[in-house]
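*Asks:* One structure coming up, written as C-alpha cells, with questions to follow.
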Amino acid sequence: MLILTRKIGQSLIIGDDIEIKILSIDSENISIGITAPKNLSIVRKELLEVRDENKKAININKVTLRQIENFIKKD
C-alpha cells in the first residue's frame with residue numbers, strides 16, 4: 001500500500017486520466033473529489049461489501065429452499 005500525505009487542494013494522479021483531490025478535512029471526515037473517465041465505475045468499498053453479503057444470503061436461501069423442497073418431496 002502506498003501511503004501519501006496531502007493537504008486541502010492537493011491532488012493525486014493515477015495513470016493518465018484519474019485525479020483524486022482533497023477538498024476538505026474536518027475532525028472525522030475527509031471530502032475527496034474524483035475526476036475519472038465516465039466508463040470507470042467508482043464505488044464506496046462498504047457498498048461492495050453489502051452487495052457481496054446480499055449475494056451470499058441469496059445463495060444460502062436457494063440451498064435452504066432446495067433442502068425444504070427435497071424434504072417435502074420425500075413425504
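Labeling convention for the C-alpha cells: chains A, B, ... as they appear, residues from 1 per chain, ligands from 1 in order of appearance.
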If you run DSSP on the backbone, which residues of chain A are strand (DSSP E or B), as a list in words?
*Replies:*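 After running DSSP on the backbone, chain A has strand (DSSP E or B) at Ser11, Leu12, Ile13, Ile14, Ile18, Glu19, Ile20, Lys21, Ile22, Leu23, Ser24, Ile25, Ile30, Ser31, Ile32, Gly33, Ile34 and Thr35 of chain A.
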*Asks:* May I have the residues within 12 Å of Leu4 (chain A) as JSON, numbers by chain, using only C-alpha atoms and disregarding those fewer than 6 positions away in the same chain?
*Replies:* {"A": [10, 11, 12, 13, 22]}
*Asks:* Could you please write out, as a ChimeraX atom specification, every residue of region 8-68 of chain A that DSSP assigns to helix (DSSP H, G or I)?
*Replies:* /A:45-68
*Asks:* Near Glu19 (chain A), counting only C-alpha atoms, which residues have an atom at most 10 Å away, once you skip same-chain residues fewer than 3 positions from it, shown as number ranges by chain?
*Replies:* A: 11-16, 33-36
*Asks:* To one decimal in Å, tell me the separation between CA of Ser24 (chain A) and CA of Arg6 (chain A).
*Replies:* 10.9 Å
